[in-house]
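As provided, run.txt (compact mmCIF, C-alpha atoms and all ligand atoms) reads as follows.
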# COMPACT_ATOMS: atom_id res chain seq x y z
CA THR D 1 50.70 -19.59 63.22
CA MET D 2 48.55 -22.47 62.01
CA ALA D 3 47.33 -20.27 59.13
CA GLU D 4 50.83 -19.81 57.71
CA LYS D 5 51.32 -23.52 58.05
CA ALA D 6 48.07 -24.16 56.15
CA GLY D 7 46.73 -26.48 58.82
CA HIS D 8 50.01 -28.38 59.31
CA SER D 9 51.61 -28.66 62.76
CA HIS D 10 55.04 -27.75 61.38
CA TYR D 11 56.49 -26.01 58.34
CA MET D 12 58.52 -29.12 57.57
CA HIS D 13 55.34 -31.17 57.32
CA LYS D 14 53.72 -28.61 55.04
CA GLU D 15 56.82 -28.48 52.86
CA ILE D 16 57.07 -32.27 52.57
CA HIS D 17 53.48 -32.31 51.34
CA GLU D 18 54.11 -29.54 48.79
CA GLN D 19 56.56 -31.63 46.80
CA GLY D 20 54.15 -32.79 44.10
CA MET D 21 53.19 -29.18 43.46
CA VAL D 22 56.81 -27.96 43.53
CA LEU D 23 57.80 -30.51 40.91
CA ARG D 24 54.90 -29.52 38.69
CA THR D 25 55.91 -25.84 38.87
CA THR D 26 59.57 -26.64 38.28
CA LEU D 27 58.75 -28.58 35.12
CA LYS D 28 56.14 -26.12 33.87
CA GLY D 29 57.15 -24.12 30.80
CA ARG D 30 60.44 -26.00 30.61
CA ILE D 31 59.18 -28.98 28.63
CA SER D 32 57.50 -28.53 25.28
CA ASP D 33 56.66 -31.05 22.57
CA GLY D 34 58.24 -33.79 24.63
CA ARG D 35 61.60 -32.02 24.85
CA VAL D 36 63.34 -30.05 27.56
CA ASP D 37 63.79 -26.43 26.57
CA LEU D 38 65.60 -24.14 29.00
CA SER D 39 66.32 -21.39 26.47
CA LYS D 40 64.06 -18.99 28.42
CA ASP D 41 66.08 -19.59 31.61
CA LEU D 42 69.62 -20.13 30.41
CA ASN D 43 71.67 -18.05 28.00
CA TRP D 44 73.64 -21.10 26.82
CA THR D 45 74.46 -21.19 23.14
CA GLN D 46 75.02 -24.34 21.13
CA GLU D 47 78.69 -23.24 20.96
CA ASP D 48 78.90 -23.05 24.77
CA ALA D 49 77.45 -26.52 25.08
CA GLN D 50 79.88 -27.85 22.46
CA ARG D 51 82.87 -26.17 24.10
CA TRP D 52 82.31 -27.67 27.56
CA LYS D 53 84.16 -30.86 28.36
CA LYS D 54 83.59 -30.97 32.10
CA VAL D 55 80.81 -30.32 34.55
CA HIS D 56 81.55 -29.48 38.18
CA ILE D 57 78.62 -29.41 40.59
CA ILE D 58 79.33 -27.72 43.92
CA ALA D 59 77.11 -27.38 46.99
CA CYS D 60 76.73 -27.91 50.75
CA GLY D 61 74.42 -29.99 52.92
CA THR D 62 71.25 -31.28 51.34
CA SER D 63 72.05 -29.36 48.14
CA TYR D 64 75.25 -31.45 47.90
CA TYR D 65 73.21 -34.64 48.13
CA ALA D 66 70.91 -33.36 45.37
CA ALA D 67 74.09 -32.87 43.32
CA LEU D 68 75.22 -36.44 44.04
CA VAL D 69 71.89 -37.76 42.75
CA ALA D 70 72.25 -35.66 39.61
CA GLU D 71 75.82 -36.87 39.05
CA ARG D 72 74.38 -40.28 38.17
CA VAL D 73 72.25 -38.84 35.37
CA PHE D 74 74.86 -36.41 34.02
CA GLU D 75 77.15 -39.41 33.51
CA ARG D 76 74.40 -41.19 31.57
CA TRP D 77 72.67 -38.46 29.62
CA THR D 78 75.70 -36.37 28.68
CA ASP D 79 79.16 -37.22 27.39
CA LEU D 80 80.91 -34.80 29.78
CA ASP D 81 83.28 -35.59 32.64
CA ILE D 82 81.42 -34.91 35.83
CA ARG D 83 82.71 -34.06 39.31
CA VAL D 84 80.67 -33.24 42.36
CA ASP D 85 82.19 -31.67 45.46
CA ILE D 86 81.38 -29.98 48.75
CA ALA D 87 81.93 -26.21 48.46
CA SER D 88 84.19 -26.00 51.53
CA GLU D 89 86.50 -28.58 49.93
CA TYR D 90 86.25 -27.45 46.33
CA ARG D 91 87.34 -23.90 47.09
CA TYR D 92 90.73 -25.12 48.38
CA ARG D 93 91.37 -27.85 45.78
CA ASN D 94 92.93 -27.81 42.38
CA LEU D 95 90.29 -29.48 40.24
CA ARG D 96 91.44 -27.95 36.96
CA CYS D 97 88.50 -25.73 36.39
CA ASP D 98 88.87 -23.78 33.12
CA PRO D 99 86.92 -22.26 30.19
CA GLU D 100 85.94 -25.78 29.13
CA THR D 101 84.13 -26.25 32.43
CA LEU D 102 80.47 -25.71 33.22
CA ALA D 103 80.42 -25.09 36.99
CA ILE D 104 76.99 -25.49 38.59
CA PHE D 105 76.44 -24.11 42.10
CA VAL D 106 73.42 -25.49 43.91
CA SER D 107 72.17 -23.47 46.87
CA GLN D 108 68.62 -23.12 48.17
CA SER D 109 69.37 -19.75 49.78
CA GLY D 110 72.09 -18.54 47.45
CA GLU D 111 73.80 -17.18 50.57
CA THR D 112 75.98 -20.07 51.75
CA ALA D 113 79.45 -18.54 52.24
CA ASP D 114 81.46 -21.52 51.01
CA THR D 115 79.33 -21.94 47.89
CA ILE D 116 79.69 -18.25 47.04
CA ALA D 117 83.47 -18.43 47.54
CA ALA D 118 83.69 -21.57 45.38
CA GLN D 119 81.78 -19.76 42.62
CA ARG D 120 84.19 -16.83 42.73
CA LYS D 121 87.13 -19.19 42.37
CA ALA D 122 85.62 -21.08 39.42
CA ARG D 123 84.71 -17.80 37.76
CA ALA D 124 88.26 -16.48 38.14
CA GLU D 125 89.49 -19.68 36.48
CA GLY D 126 87.30 -19.01 33.46
CA ALA D 127 84.45 -21.48 33.96
CA HIS D 128 80.89 -20.75 32.91
CA CYS D 129 79.16 -20.45 36.30
CA MET D 130 75.53 -21.38 36.72
CA ALA D 131 73.38 -21.20 39.84
CA ILE D 132 70.46 -23.39 40.82
CA THR D 133 68.75 -21.49 43.64
CA ASN D 134 65.39 -20.76 45.20
CA VAL D 135 66.16 -17.07 45.81
CA ARG D 136 66.22 -14.84 42.76
CA GLY D 137 67.94 -11.83 44.39
CA SER D 138 70.52 -13.80 46.37
CA THR D 139 74.27 -13.10 46.32
CA LEU D 140 74.94 -16.26 44.33
CA ALA D 141 72.20 -15.49 41.80
CA ARG D 142 73.59 -11.99 41.23
CA GLU D 143 77.14 -13.19 40.54
CA VAL D 144 76.74 -16.09 38.10
CA HIS D 145 76.56 -16.20 34.29
CA SER D 146 73.30 -18.15 34.18
CA ILE D 147 70.53 -19.12 36.60
CA LEU D 148 67.95 -21.84 36.79
CA LEU D 149 65.46 -20.81 39.46
CA LEU D 150 63.69 -23.31 41.65
CA LYS D 151 60.07 -22.42 41.97
CA ALA D 152 59.65 -24.08 45.34
CA GLY D 153 58.31 -21.08 47.26
CA PRO D 154 59.88 -20.09 50.59
CA GLU D 155 61.19 -22.97 52.68
CA ILE D 156 60.99 -22.19 56.41
CA GLY D 157 61.88 -25.53 58.00
CA VAL D 158 65.64 -25.63 58.59
CA ALA D 159 65.81 -29.20 57.28
CA ALA D 160 65.45 -28.93 53.49
CA THR D 161 62.78 -31.13 51.90
CA LYS D 162 60.89 -29.61 48.97
CA THR D 163 63.99 -27.77 47.80
CA PHE D 164 65.88 -31.09 47.66
CA THR D 165 63.40 -32.62 45.22
CA GLY D 166 63.16 -29.26 43.40
CA GLN D 167 66.96 -29.12 43.01
CA VAL D 168 67.14 -32.69 41.77
CA ALA D 169 64.46 -31.80 39.21
CA ALA D 170 66.30 -28.64 38.11
CA LEU D 171 69.56 -30.57 37.77
CA PHE D 172 67.83 -33.33 35.78
CA LEU D 173 66.35 -30.69 33.44
CA SER D 174 69.85 -29.23 32.98
CA ALA D 175 71.31 -32.65 32.18
CA LEU D 176 68.56 -33.40 29.66
CA TYR D 177 68.97 -29.99 28.02
CA LEU D 178 72.74 -30.38 27.85
CA GLY D 179 72.36 -33.89 26.44
CA ARG D 180 70.07 -32.45 23.79
CA LEU D 181 72.37 -29.51 22.89
CA ARG D 182 75.36 -31.83 22.62
CA GLY D 183 73.48 -34.56 20.81
CA SER D 184 74.57 -37.14 23.37
CA MET D 185 71.07 -38.57 23.75
CA THR D 186 68.85 -40.13 21.11
CA ALA D 187 65.42 -38.57 20.47
CA ASP D 188 63.78 -41.83 21.60
CA GLU D 189 65.69 -41.84 24.86
CA GLU D 190 64.81 -38.20 25.47
CA ALA D 191 61.11 -38.80 24.77
CA ARG D 192 61.03 -41.79 27.12
CA LEU D 193 62.69 -39.81 29.93
CA VAL D 194 60.60 -36.67 29.51
CA ASN D 195 57.45 -38.75 29.48
CA GLU D 196 58.32 -40.41 32.76
CA PHE D 197 59.53 -37.12 34.30
CA LEU D 198 56.03 -35.68 33.77
CA GLN D 199 54.52 -38.58 35.76
CA ILE D 200 56.74 -37.99 38.78
CA PRO D 201 54.60 -35.34 40.56
CA TYR D 202 51.67 -37.78 40.58
CA LYS D 203 53.84 -40.63 41.84
CA VAL D 204 55.26 -38.38 44.59
CA GLU D 205 51.70 -37.65 45.73
CA ASN D 206 50.99 -41.36 45.75
CA VAL D 207 53.93 -41.93 48.15
CA LEU D 208 52.77 -39.06 50.39
CA GLU D 209 49.49 -40.95 50.85
CA LYS D 210 51.45 -43.67 52.65
CA GLU D 211 52.22 -41.41 55.59
CA ASN D 212 50.27 -43.61 58.02
CA GLU D 213 52.54 -46.55 57.25
CA VAL D 214 55.57 -44.40 57.97
CA ILE D 215 54.02 -43.20 61.26
CA LYS D 216 53.81 -46.86 62.34
CA LEU D 217 57.50 -47.30 61.56
CA ALA D 218 58.35 -44.18 63.56
CA GLN D 219 56.35 -45.54 66.51
CA LYS D 220 58.18 -48.83 66.31
CA TYR D 221 61.74 -47.51 65.89
CA HIS D 222 61.89 -44.04 67.48
CA ASP D 223 63.76 -45.24 70.59
CA ARG D 224 66.81 -46.60 68.72
CA GLN D 225 70.22 -44.96 69.26
CA ASP D 226 71.79 -45.67 65.87
CA PHE D 227 70.62 -46.25 62.32
CA LEU D 228 72.45 -47.37 59.21
CA PHE D 229 71.06 -46.21 55.85
CA ILE D 230 72.21 -48.14 52.79
CA GLY D 231 71.68 -47.90 49.03
CA ARG D 232 73.63 -48.40 45.82
CA GLY D 233 73.84 -46.46 42.57
CA ILE D 234 71.43 -43.57 42.49
CA SER D 235 69.99 -44.72 45.84
CA PHE D 236 73.29 -44.14 47.67
CA PRO D 237 72.85 -40.34 47.81
CA VAL D 238 69.22 -40.94 48.84
CA ALA D 239 70.55 -42.93 51.81
CA LEU D 240 72.87 -40.02 52.65
CA GLU D 241 69.96 -37.58 52.57
CA GLY D 242 67.72 -39.88 54.65
CA ALA D 243 70.40 -40.21 57.35
CA LEU D 244 71.00 -36.45 57.32
CA LYS D 245 67.29 -35.71 57.84
CA LEU D 246 67.14 -38.09 60.82
CA LYS D 247 70.29 -36.60 62.42
CA GLU D 248 69.23 -33.00 61.87
CA ILE D 249 65.84 -33.09 63.52
CA SER D 250 65.76 -36.10 65.84
CA TYR D 251 69.45 -36.01 66.97
CA ILE D 252 69.64 -39.77 66.52
CA HIS D 253 72.96 -41.01 65.20
CA ALA D 254 72.47 -42.15 61.61
CA GLU D 255 75.14 -43.13 59.17
CA ALA D 256 74.76 -43.74 55.45
CA TYR D 257 76.90 -46.08 53.42
CA ALA D 258 77.04 -47.34 49.89
CA ALA D 259 75.59 -50.80 50.55
CA GLY D 260 78.54 -52.60 48.96
CA GLU D 261 80.96 -50.79 51.26
CA MET D 262 79.14 -51.90 54.42
CA LYS D 263 81.44 -54.88 54.85
CA HIS D 264 84.44 -52.56 55.08
CA GLY D 265 83.44 -51.16 58.45
CA PRO D 266 79.87 -50.39 59.49
CA ILE D 267 78.85 -54.04 59.50
CA ALA D 268 80.90 -54.29 62.71
CA LEU D 269 78.28 -52.07 64.39
CA LEU D 270 75.30 -54.20 63.44
CA ASP D 271 73.26 -56.23 65.90
CA GLU D 272 69.60 -56.51 66.84
CA LYS D 273 69.67 -52.96 68.25
CA VAL D 274 70.72 -51.17 65.05
CA PRO D 275 68.06 -50.85 62.35
CA VAL D 276 69.16 -50.76 58.72
CA MET D 277 67.14 -48.60 56.36
CA ALA D 278 67.63 -50.11 52.89
CA ILE D 279 66.75 -48.06 49.80
CA ILE D 280 66.17 -50.80 47.28
CA PRO D 281 64.04 -49.90 44.25
CA ARG D 282 63.80 -52.40 41.38
CA ASP D 283 66.78 -51.21 39.35
CA MET D 284 70.11 -52.37 37.95
CA MET D 285 71.61 -52.66 41.44
CA TYR D 286 68.63 -54.41 43.02
CA GLU D 287 70.12 -57.92 43.40
CA LYS D 288 73.37 -56.49 44.73
CA THR D 289 71.62 -54.39 47.38
CA LEU D 290 69.47 -57.36 48.32
CA SER D 291 72.59 -59.41 49.03
CA ASN D 292 73.79 -56.62 51.34
CA VAL D 293 70.41 -56.72 53.10
CA LEU D 294 70.99 -60.44 53.74
CA GLU D 295 74.41 -59.65 55.24
CA ALA D 296 72.71 -57.22 57.64
CA LYS D 297 70.00 -59.78 58.49
CA ALA D 298 72.70 -62.35 59.27
CA ARG D 299 73.89 -59.92 62.01
CA LYS D 300 70.32 -59.79 63.34
CA ALA D 301 69.82 -56.13 62.39
CA PRO D 302 66.16 -55.24 61.78
CA VAL D 303 65.83 -54.14 58.15
CA ILE D 304 63.35 -51.52 56.94
CA GLY D 305 63.05 -51.50 53.15
CA VAL D 306 62.01 -48.75 50.79
CA CYS D 307 60.97 -51.01 47.90
CA THR D 308 59.12 -50.89 44.58
CA GLU D 309 55.39 -51.65 44.70
CA GLY D 310 54.62 -55.34 44.38
CA ASP D 311 58.18 -56.50 45.05
CA GLU D 312 57.28 -59.54 47.12
CA HIS D 313 60.75 -60.98 46.70
CA ALA D 314 62.53 -58.15 48.56
CA SER D 315 59.78 -57.56 51.11
CA LYS D 316 60.13 -61.20 52.27
CA TYR D 317 63.53 -60.32 53.70
CA MET D 318 62.46 -57.09 55.38
CA ASP D 319 61.19 -56.69 58.93
CA ASP D 320 59.21 -53.72 57.67
CA TYR D 321 58.88 -51.94 54.37
CA VAL D 322 57.26 -49.04 52.54
CA GLU D 323 56.48 -49.31 48.85
CA VAL D 324 56.89 -46.64 46.19
CA PRO D 325 55.46 -46.77 42.63
CA TRP D 326 57.56 -48.14 39.81
CA THR D 327 59.54 -45.61 37.79
CA ASP D 328 62.55 -45.60 35.47
CA GLU D 329 65.58 -46.02 37.67
CA GLU D 330 66.86 -42.48 37.14
CA PHE D 331 63.74 -41.05 38.75
CA SER D 332 63.49 -43.30 41.81
CA PRO D 333 65.14 -40.75 44.19
CA PHE D 334 62.07 -38.48 43.87
CA LEU D 335 59.99 -41.32 45.32
CA THR D 336 62.34 -43.13 47.69
CA VAL D 337 63.36 -39.96 49.55
CA ILE D 338 59.76 -39.21 50.61
CA PRO D 339 59.35 -42.03 53.18
CA LEU D 340 62.77 -41.04 54.61
CA GLN D 341 61.70 -37.40 55.07
CA LEU D 342 58.44 -38.53 56.68
CA PHE D 343 60.26 -41.02 58.89
CA ALA D 344 62.65 -38.35 60.22
CA PHE D 345 59.72 -35.98 60.78
CA HIS D 346 57.60 -38.47 62.71
CA VAL D 347 60.48 -39.80 64.81
CA ALA D 348 61.39 -36.22 65.80
CA LYS D 349 57.73 -35.46 66.53
CA ILE D 350 57.34 -38.50 68.79
CA LEU D 351 60.55 -37.49 70.58
CA GLY D 352 59.20 -33.95 71.05
CA LYS D 353 62.04 -32.17 69.24
CA GLU D 354 62.01 -28.65 67.79
CA ILE D 355 61.44 -29.85 64.25
CA ASP D 356 61.41 -26.57 62.34
CA GLN D 357 64.38 -25.15 64.24
CA PRO D 358 66.77 -27.85 65.36
CA ARG D 359 69.48 -26.94 67.86
CA ASN D 360 72.84 -25.74 66.52
CA LEU D 361 71.62 -25.54 62.91
CA ALA D 362 70.87 -22.53 60.71
CA LYS D 363 68.78 -22.32 57.55
CA SER D 364 71.69 -20.80 55.74
CA VAL D 365 75.32 -20.70 56.81
CA THR D 366 76.71 -17.31 55.83
CA VAL D 367 80.11 -17.71 57.50
CA GLU D 368 82.94 -19.96 56.38
C1 LIG P 1 72.34 -25.42 56.01
C2 LIG P 1 70.89 -25.86 56.03
C3 LIG P 1 70.69 -27.07 55.11
C4 LIG P 1 71.19 -26.73 53.71
C5 LIG P 1 72.62 -26.22 53.72
C6 LIG P 1 73.01 -25.63 52.37
O1 LIG P 1 73.13 -26.41 56.59
O2 LIG P 1 70.51 -26.21 57.35
O3 LIG P 1 69.32 -27.42 55.04
O4 LIG P 1 71.09 -27.88 52.90
O5 LIG P 1 72.77 -25.17 54.67
O6 LIG P 1 72.22 -24.49 52.14
P1 LIG P 1 71.95 -23.87 50.73
O7 LIG P 1 71.07 -22.67 50.99
O8 LIG P 1 73.29 -23.46 50.18
O9 LIG P 1 71.31 -24.90 49.89
Structure rendered as structure tokens:
Amino acid sequence: TMAEKAGHSHYMHKEIHEQGMVLRTTLKGRISDGRVDLSKDLNWTQEDAQRWKKVHIIACGTSYYAALVAERVFERWTDLDIRVDIASEYRYRNLRCDPETLAIFVSQSGETADTIAAQRKARAEGAHCMAITNVRGSTLAREVHSILLLKAGPEIGVAATKTFTGQVAALFLSALYLGRLRGSMTADEEARLVNEFLQIPYKVENVLEKENEVIKLAQKYHDRQDFLFIGRGISFPVALEGALKLKEISYIHAEAYAAGEMKHGPIALLDEKVPVMAIIPRDMMYEKTLSNVLEAKARKAPVIGVCTEGDEHASKYMDDYVEVPWTDEEFSPFLTVIPLQLFAFHVAKILGKEIDQPRNLAKSVTVE
């Protein structure tokens, strides 16, 4: 009913708009005096944190893309070797999981069969297993050594939105806490990051206010057959998630590529009919991504940019663009993913698709 959807036409729309609030709740009580403190959530001792040499992060679907975003901060904020894998692959590989491994399983539902099986394998191999989940009583939550709960509230839309940003936040908190316990981050660095992290809910709400701009993009591009999403660095997994959202609910073919890899294949598909969605915040990789945008333009592909506010240089090269507020580069995924979620939603709405319950998809996949 409309009441359950709090005035929104679809659960997905409601959930997209809850993301500022979800981030605030996820951070609440977990940051004090400018430092991340997860001692109320996690039973990790200083000795545990010192013993670990490796982090494995395992998940499926959107949760896997949240893990790929987090990989980029674990490699910066901690001194551990980090591997991220899809649960259905991980469970049959030999990734040398052992008592020196912290294995983190990310699952909104905590009921995904492959993720549960991967956890059992890692546990048998002696790893410390941690779950990041939205469901306290789930199978995964009951089996692990430690849990960090998302406080996203129930997510009804099959396509995950608020739990993606919630999972990225929970993973970032874990990386910051681990960095602190291992002493792999300076106090200055930690203070700078925590300070910016606390601004993110407000900046997310600022992006949500640009919905009308995204509706115009959806009106302009909804009849295309194929899309290419590109990004580099921490924006590559954002491109993957943006393409997934579009596929899931609009059934339009969308592919995501690391922008620098475009010339090794997908550029062959580009012409004036194939829009390129470029995730290009002002960060370390900015100039590199921009040169890939020019390669796409040279093949006459229309380019839609997700850029940083006031970036007149990049926007000059775009056919269309949406701006997000400036943030430290680690935090840009929280902002750049929002226009992509809204774009998928509005394209699917214009096309008259079953947004909350797309064909062939389930909210949680409880069979292998
Ligand atoms: C299904 C859902 C996705 C979700 C994935 C993993 O495919 O449709 O939205 O990302 O499962 O689910 P989990 O509950 O493990 O995060």
Throw together the list of residues within 7 Å of ligand LIG 1 (chain P), counting all atoms listed in the file, and drop it here as a PyMOL selection string. chain D and resi 59-63+106-112+115+158-160+361-365
Could you give me, as a VMD selection string, the residues within 8 Å of Ile156 of chain D, counting only C-alpha atoms and dropping anything in the same chain fewer than 6 positions from it? chain D and resid 11 to 12 356 363
Separation of atom CA of Gly20 of chain D and atom CA of Glu71 of chain D, in Å? 22.6 Å
Need to verify the contact set: Leu80 of chain D, 7 Å, all atoms listed in the file, exclusion of same-chain residues closer than 3 positions in sequence. Can you return it as a ChimeraX atom specification? /D:53-55
Hey, what's within 9 Å of Pro275 of chain D if we count only C-alpha atoms and toss same-chain stuff fewer than 2 positions away? As an NGL selection string, please? :D and (221 or 224 or 226-229 or 270-273 or 277 or 301-304)
Pull the closest atom pair for each residue of segment 213-234 of chain D that gets at most 12 Å from segment 313-336 of chain D, along with the distance in Å to one decimal, counting all atoms listed in the file, ordering rows by chain and then ascending residue number, as a tab-separated table.
residue	atom	partner	partner_atom	distance
D:Glu213	CA	D:Val322	CA	7.1
D:Val214	CA	D:Val322	CA	7.3
D:Ile215	CA	D:Val322	CA	11.0
D:Lys216	CA	D:Asp320	CA	9.9
D:Leu217	CA	D:Asp320	CA	7.7
D:Ala218	CA	D:Asp320	CA	11.2
D:Lys220	CA	D:Asp320	CA	10.0
D:Tyr221	CA	D:Asp320	CA	10.6
D:Gly231	CA	D:Thr336	CA	10.6
D:Arg232	CA	D:Pro333	CA	11.5
D:Gly233	CA	D:Glu329	CA	9.6
D:Ile234	CA	D:Pro333	CA	7.1
What does the distance between atom CA of Glu89 of chain D and atom CA of Glu368 of chain D come to in Å, to one decimal place?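 Atom CA of Glu368 of chain D lies at a distance of 11.3 Å from atom CA of Glu89 of chain D.
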Exercise: segment 184-194 of chain D partners within 7 Å, all atoms listed in the file, chain neighbours under 5 positions left out, as a list in words: Gly34, Arg35, Trp77, Thr78, Asp79 and Gly179 of chain D
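A straight line drawn from atom CA of Tyr92 of chain D to atom CA of Val168 of chain D is 25.6 Å long.
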Residues near Glu47 of chain D, anyone? I mean within 10 Å using all atoms listed in the file, not counting same-chain ones fewer than 5 positions away, as a PyMOL selection string. chain D and resi 52+181-182
Just checking: using only C-alpha atoms, which residue out of D:Tyr177, D:Trp44, D:Ala169, D:Thr366 ends up closest to Ala117 of chain D? D:Thr366
